[in-house]
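K.L.:
This is the structure I want to talk about, given as structure tokens.
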Amino acid sequence: MDVNENMLLPMAALSFPNIDPILVQIGPLAVHWYGVGYIVGILFAWWYAKRLIANAKLWPGDTAPMKPEDLDDFILWAAIGVVLGGRTGYVLFYDLKRYIAHPLDIFAVWQGGMSFHGGLMGVILAMTLFSIKRGIRTWSLFDVVAAGVPVGLGLVRVANFINAELWGRPTDVPWGVVFCNERIMQAQALCPAGMEPRHPSQLYEAFLEGIVLFLVLRFLTHSRFKLKTPRFVGGAFICGYGLSRIFVEFFREPDPQLGYLFGGWLTMGMVLSSPMVLAGIWAMATAKPVTQPRPA
């Protein structure tokens, strides 16, 4: 089969860039863009959180509720929570039958398969336990961590695009992308997404969950001083992510092993994100300013 003959693009469609999902490979050791997205995202959130607590005017009584050393120690907790929670969530919510049949595949995280909702639950558990251990206000830790998370979300969505995974539904918009190129054809003998143009929904998510959500939270922290109101920023993050994810789900192809739920138009992403919107609204609506700072 001639690869070039099978890569004729439909009119008004963009070709998929020929980017190798592996950033660097030295012998058997391969560094994937997907993993780099997670690592850079976690490191950025750590660095950004330290910048926030160093800015005293953002906090009640001009006193941050934690020390930089607390965040240095928490980064390992956060990484463990993201990886374990994200993988567990994907296994349970998205492809349980496969992993029951092939349990060793659970550990093949380099192949992709991470759930944001599971990762969020893992980090929430890590933040709760860590804050109790250190005597830090839990909601303030949630706020300071949430403020920097969107950058990592955006990077991981870009990595999803590079991996040609989690593509969108078929479309005739001028920016539709045919998720097929010579590298994919040679590696898989076919293009899983087919030859029809599809929404680049990974980039929609990178824009909304990454850039837009980060700027909204930045406005709340630095212009509205909402870090003085514990759980407001965290609530805005939860609500903002939920709304962004639900919106993009209308353009994203459902996971093939799940399809549409209840025989309709609902997807698993919508089902898992809807409670987030409600929880975020509750958190913002019930948040109250703190007049007395907690000593760091």
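Quick note on naming: the chains in the structure tokens go A, B, ... in the order shown, residues restart at 1 in each chain, and ligands are numbered from 1 in order of appearance.
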Which residues of segment 140-183 of chain A come within 8 Å of segment 240-254 of chain A, and what is each one's closest atom pair and distance in Å (one decimal), counting only C-alpha atoms, sorted by chain and residue number, as a Markdown table?
P.N.:
```
| residue | atom | partner | partner_atom | distance |
| --- | --- | --- | --- | --- |
| A:Leu166 | CA | A:Glu253 | CA | 7.0 |
| A:Trp167 | CA | A:Glu253 | CA | 6.1 |
| A:Gly168 | CA | A:Arg252 | CA | 3.9 |
| A:Arg169 | CA | A:Glu253 | CA | 4.7 |
```
K.L.:
Give me, as a Markdown table, each residue of segment 195-252 of chain A that comes within 7 Å of segment 151-160 of chain A, together with its shortest interatomic pair and the distance in Å at one decimal, counting only C-alpha atoms, with rows ordered by chain and rising residue number.
P.N.:
```
| residue | atom | partner | partner_atom | distance |
| --- | --- | --- | --- | --- |
| A:Gln202 | CA | A:Arg157 | CA | 5.3 |
| A:Leu203 | CA | A:Val158 | CA | 6.2 |
| A:Glu205 | CA | A:Arg157 | CA | 6.5 |
| A:Ala206 | CA | A:Gly154 | CA | 4.0 |
| A:Phe207 | CA | A:Gly154 | CA | 6.7 |
| A:Glu209 | CA | A:Gly154 | CA | 6.2 |
| A:Gly210 | CA | A:Gly154 | CA | 4.0 |
| A:Ile211 | CA | A:Val151 | CA | 6.9 |
| A:Phe214 | CA | A:Val151 | CA | 6.7 |
```
K.L.:
Export, as a compact mmCIF listing (two decimals), in the first residue's frame, the selected residues with N, CA and C atoms.
P.N.:
```txt
# COMPACT_ATOMS: atom_id res chain seq x y z
N GLN A 202 -8.19 18.83 21.03
CA GLN A 202 -7.12 18.92 22.03
C GLN A 202 -6.64 20.36 22.17
N LEU A 203 -6.57 21.08 21.03
CA LEU A 203 -6.13 22.47 21.07
C LEU A 203 -7.22 23.38 21.62
N GLU A 205 -9.16 22.50 24.03
CA GLU A 205 -9.00 22.31 25.48
C GLU A 205 -7.76 23.03 25.99
N ALA A 206 -6.67 22.97 25.22
CA ALA A 206 -5.45 23.66 25.64
C ALA A 206 -5.70 25.16 25.79
N PHE A 207 -6.51 25.71 24.90
CA PHE A 207 -6.80 27.14 24.94
C PHE A 207 -7.70 27.48 26.12
N GLU A 209 -8.81 25.39 28.86
CA GLU A 209 -8.37 24.89 30.17
C GLU A 209 -7.01 25.44 30.56
N GLY A 210 -6.22 25.82 29.56
CA GLY A 210 -4.88 26.31 29.83
C GLY A 210 -4.80 27.82 29.87
N ILE A 211 -4.85 28.45 28.72
CA ILE A 211 -4.62 29.90 28.63
C ILE A 211 -5.75 30.69 29.28
N PHE A 214 -6.14 30.08 33.12
CA PHE A 214 -5.03 30.67 33.87
C PHE A 214 -5.20 32.18 33.99
```
K.L.:
Select, from A:Val216, A:Ile42, A:Ile136, A:Leu104, the residue with the minimum atom-to-atom distance to Cys239 of chain A, counting only C-alpha atoms.
P.N.:
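Once distances to Cys239 of chain A are computed over only C-alpha atoms, the minimum belongs to A:Val216.
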K.L.:
Mind pulling up the distance from atom CA of Met114 of chain A to atom CA of Glu69 of chain A?
P.N.:
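The value is 29.0 Å.
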K.L.:
Would you kindly return, as a ChimeraX atom specification, each protein, DNA or RNA residue with an atom no farther than 12 Å from any atom of Asp73 of chain A, considering only C-alpha atoms and excluding same-chain residues fewer than 3 positions away?
P.N.:
/A:46,50,66-70,76-79,126-127,130-131,133-134
K.L.:
Print the selection's residues with N, CA, C and O atoms to a file, as a compact mmCIF listing (two decimals), in the first residue's frame.
P.N.:
```
# COMPACT_ATOMS: atom_id res chain seq x y z
N TRP A 46 4.41 24.57 41.02
CA TRP A 46 5.23 24.74 42.23
C TRP A 46 5.89 26.11 42.26
O TRP A 46 5.82 26.82 43.25
N LYS A 50 4.95 29.41 44.75
CA LYS A 50 5.93 30.09 45.59
C LYS A 50 5.94 31.60 45.32
O LYS A 50 6.14 32.40 46.25
N MET A 66 1.37 29.89 54.52
CA MET A 66 2.34 28.78 54.47
C MET A 66 3.70 29.33 54.10
O MET A 66 3.83 30.48 53.67
N LYS A 67 4.72 28.51 54.26
CA LYS A 67 6.08 28.90 53.97
C LYS A 67 6.52 28.29 52.63
O LYS A 67 5.97 27.28 52.19
N PRO A 68 7.54 28.88 51.99
CA PRO A 68 8.06 28.28 50.75
C PRO A 68 8.50 26.83 50.95
O PRO A 68 8.34 26.00 50.05
N GLU A 69 9.04 26.53 52.13
CA GLU A 69 9.49 25.17 52.40
C GLU A 69 8.33 24.17 52.38
O GLU A 69 8.51 23.00 52.04
N ASP A 70 7.14 24.64 52.74
CA ASP A 70 5.97 23.76 52.69
C ASP A 70 5.69 23.32 51.25
O ASP A 70 5.38 22.16 50.99
N LEU A 76 6.32 16.68 45.94
CA LEU A 76 6.36 15.22 45.79
C LEU A 76 4.98 14.62 46.06
O LEU A 76 4.55 13.71 45.34
N TRP A 77 4.29 15.13 47.08
CA TRP A 77 2.93 14.67 47.35
C TRP A 77 2.04 14.92 46.14
O TRP A 77 1.23 14.06 45.77
N ALA A 78 2.17 16.10 45.55
CA ALA A 78 1.34 16.46 44.40
C ALA A 78 1.62 15.53 43.22
O ALA A 78 0.68 15.07 42.54
N ALA A 79 2.90 15.27 42.94
CA ALA A 79 3.25 14.41 41.82
C ALA A 79 2.67 13.01 42.00
O ALA A 79 2.11 12.42 41.06
N ALA A 126 -4.09 14.42 48.52
CA ALA A 126 -2.73 14.78 48.94
C ALA A 126 -2.72 16.11 49.67
O ALA A 126 -2.06 16.27 50.71
N MET A 127 -3.46 17.10 49.16
CA MET A 127 -3.51 18.42 49.80
C MET A 127 -4.15 18.34 51.18
O MET A 127 -3.69 19.00 52.12
N PHE A 130 -1.67 16.58 53.56
CA PHE A 130 -0.48 17.41 53.79
C PHE A 130 -0.82 18.62 54.65
O PHE A 130 -0.07 18.98 55.56
N SER A 131 -1.95 19.27 54.36
CA SER A 131 -2.32 20.47 55.11
C SER A 131 -2.60 20.15 56.57
O SER A 131 -2.27 20.92 57.47
N LYS A 133 -1.26 17.67 58.23
CA LYS A 133 0.03 17.36 58.85
C LYS A 133 0.81 18.62 59.18
O LYS A 133 1.47 18.69 60.23
N ARG A 134 0.74 19.63 58.30
CA ARG A 134 1.52 20.85 58.50
C ARG A 134 0.76 21.96 59.23
O ARG A 134 1.32 23.01 59.51
```
K.L.:
Which parts of segment 45-292 of chain A does DSSP call helix (DSSP H, G or I) when run on the backbone here, written out as number ranges by chain?
P.N.:
A: 45-54, 56-58, 60-62, 68-93, 96-101, 103-107, 109-111, 116-134, 138-146, 149-162, 182-188, 201-222, 226-228, 232-249, 268-286
K.L.:
Separation of atom CA of Lys57 of chain A and atom CA of Val123 of chain A, in Å?
P.N.:
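It comes out at 26.7 Å.
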K.L.:
Once DSSP has gone over the backbone, tell me which residues of segment 1-197 of chain A are in strand (DSSP E or B), as a ChimeraX atom specification.
P.N.:
/A:14-15,22-26,29-32,168,170,177-178
K.L.:
So that I have them on file, write out the residues from the current selection with C-alpha atoms, as a short mmCIF file (atom, residue, chain, number, x, y, z; two decimals), in the first residue's frame.
P.N.:
```
data_model
loop_
_atom_site.label_atom_id
_atom_site.label_comp_id
_atom_site.auth_asym_id
_atom_site.auth_seq_id
_atom_site.Cartn_x
_atom_site.Cartn_y
_atom_site.Cartn_z
CA LEU A 14 -5.15 20.92 7.47
CA SER A 15 -2.47 18.24 7.40
CA ILE A 22 9.14 10.98 21.53
CA LEU A 23 11.08 14.15 22.30
CA VAL A 24 14.42 12.46 23.02
CA GLN A 25 15.50 8.84 22.93
CA ILE A 26 18.80 7.48 24.24
CA LEU A 29 15.18 5.36 27.35
CA ALA A 30 12.55 7.51 25.65
CA VAL A 31 11.29 10.89 26.83
CA HIS A 32 7.77 11.53 25.54
CA GLY A 168 -12.39 15.70 17.73
CA PRO A 170 -15.70 15.01 12.01
CA VAL A 177 -7.34 18.45 10.83
CA VAL A 178 -6.79 15.05 9.21
#
```
K.L.:
So that I can see what lies close to segment 276-291 of chain A, please list as a VMD selection string the residues with an atom at most 9 Å from it, counting only C-alpha atoms and leaving out residues fewer than 5 positions away in the same chain.
P.N.:
chain A and resid 59 to 61 226 to 243
K.L.:
Within 12 Å of Arg51 of chain A, counting only C-alpha atoms, which residues qualify if same-chain residues fewer than 3 places away don't, as a list in words?
P.N.:
Phe44, Ala45, Trp46, Trp47, Tyr48, Ala54, Asn55, Ala56, Lys57, Leu58, Ala64, Lys67, Pro68, Leu71, Val144, Val145, Ala147, Gly148, Thr221 and His222 of chain A
K.L.:
For atom CA of Leu43 of chain A and atom CA of Ile162 of chain A, quote the distance in Å rounded to one decimal.
P.N.:
21.1 Å
K.L.:
Go through A:Gly81, A:Arg87, A:Pro21, A:Glu165 one by one, measure the shortest atom-to-atom distance of each to Cys191 of chain A using only C-alpha atoms, and give the residue with the smallest value.
P.N.:
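Answer, going by the shortest atom-to-atom distance: A:Glu165.
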K.L.:
Please determine, counting only C-alpha atoms, which residue among A:Ser201, A:Ser273, A:Thr128, A:Ser140 has the shortest atom-to-atom distance to Ala49 of chain A.
P.N.:
A:Ser140
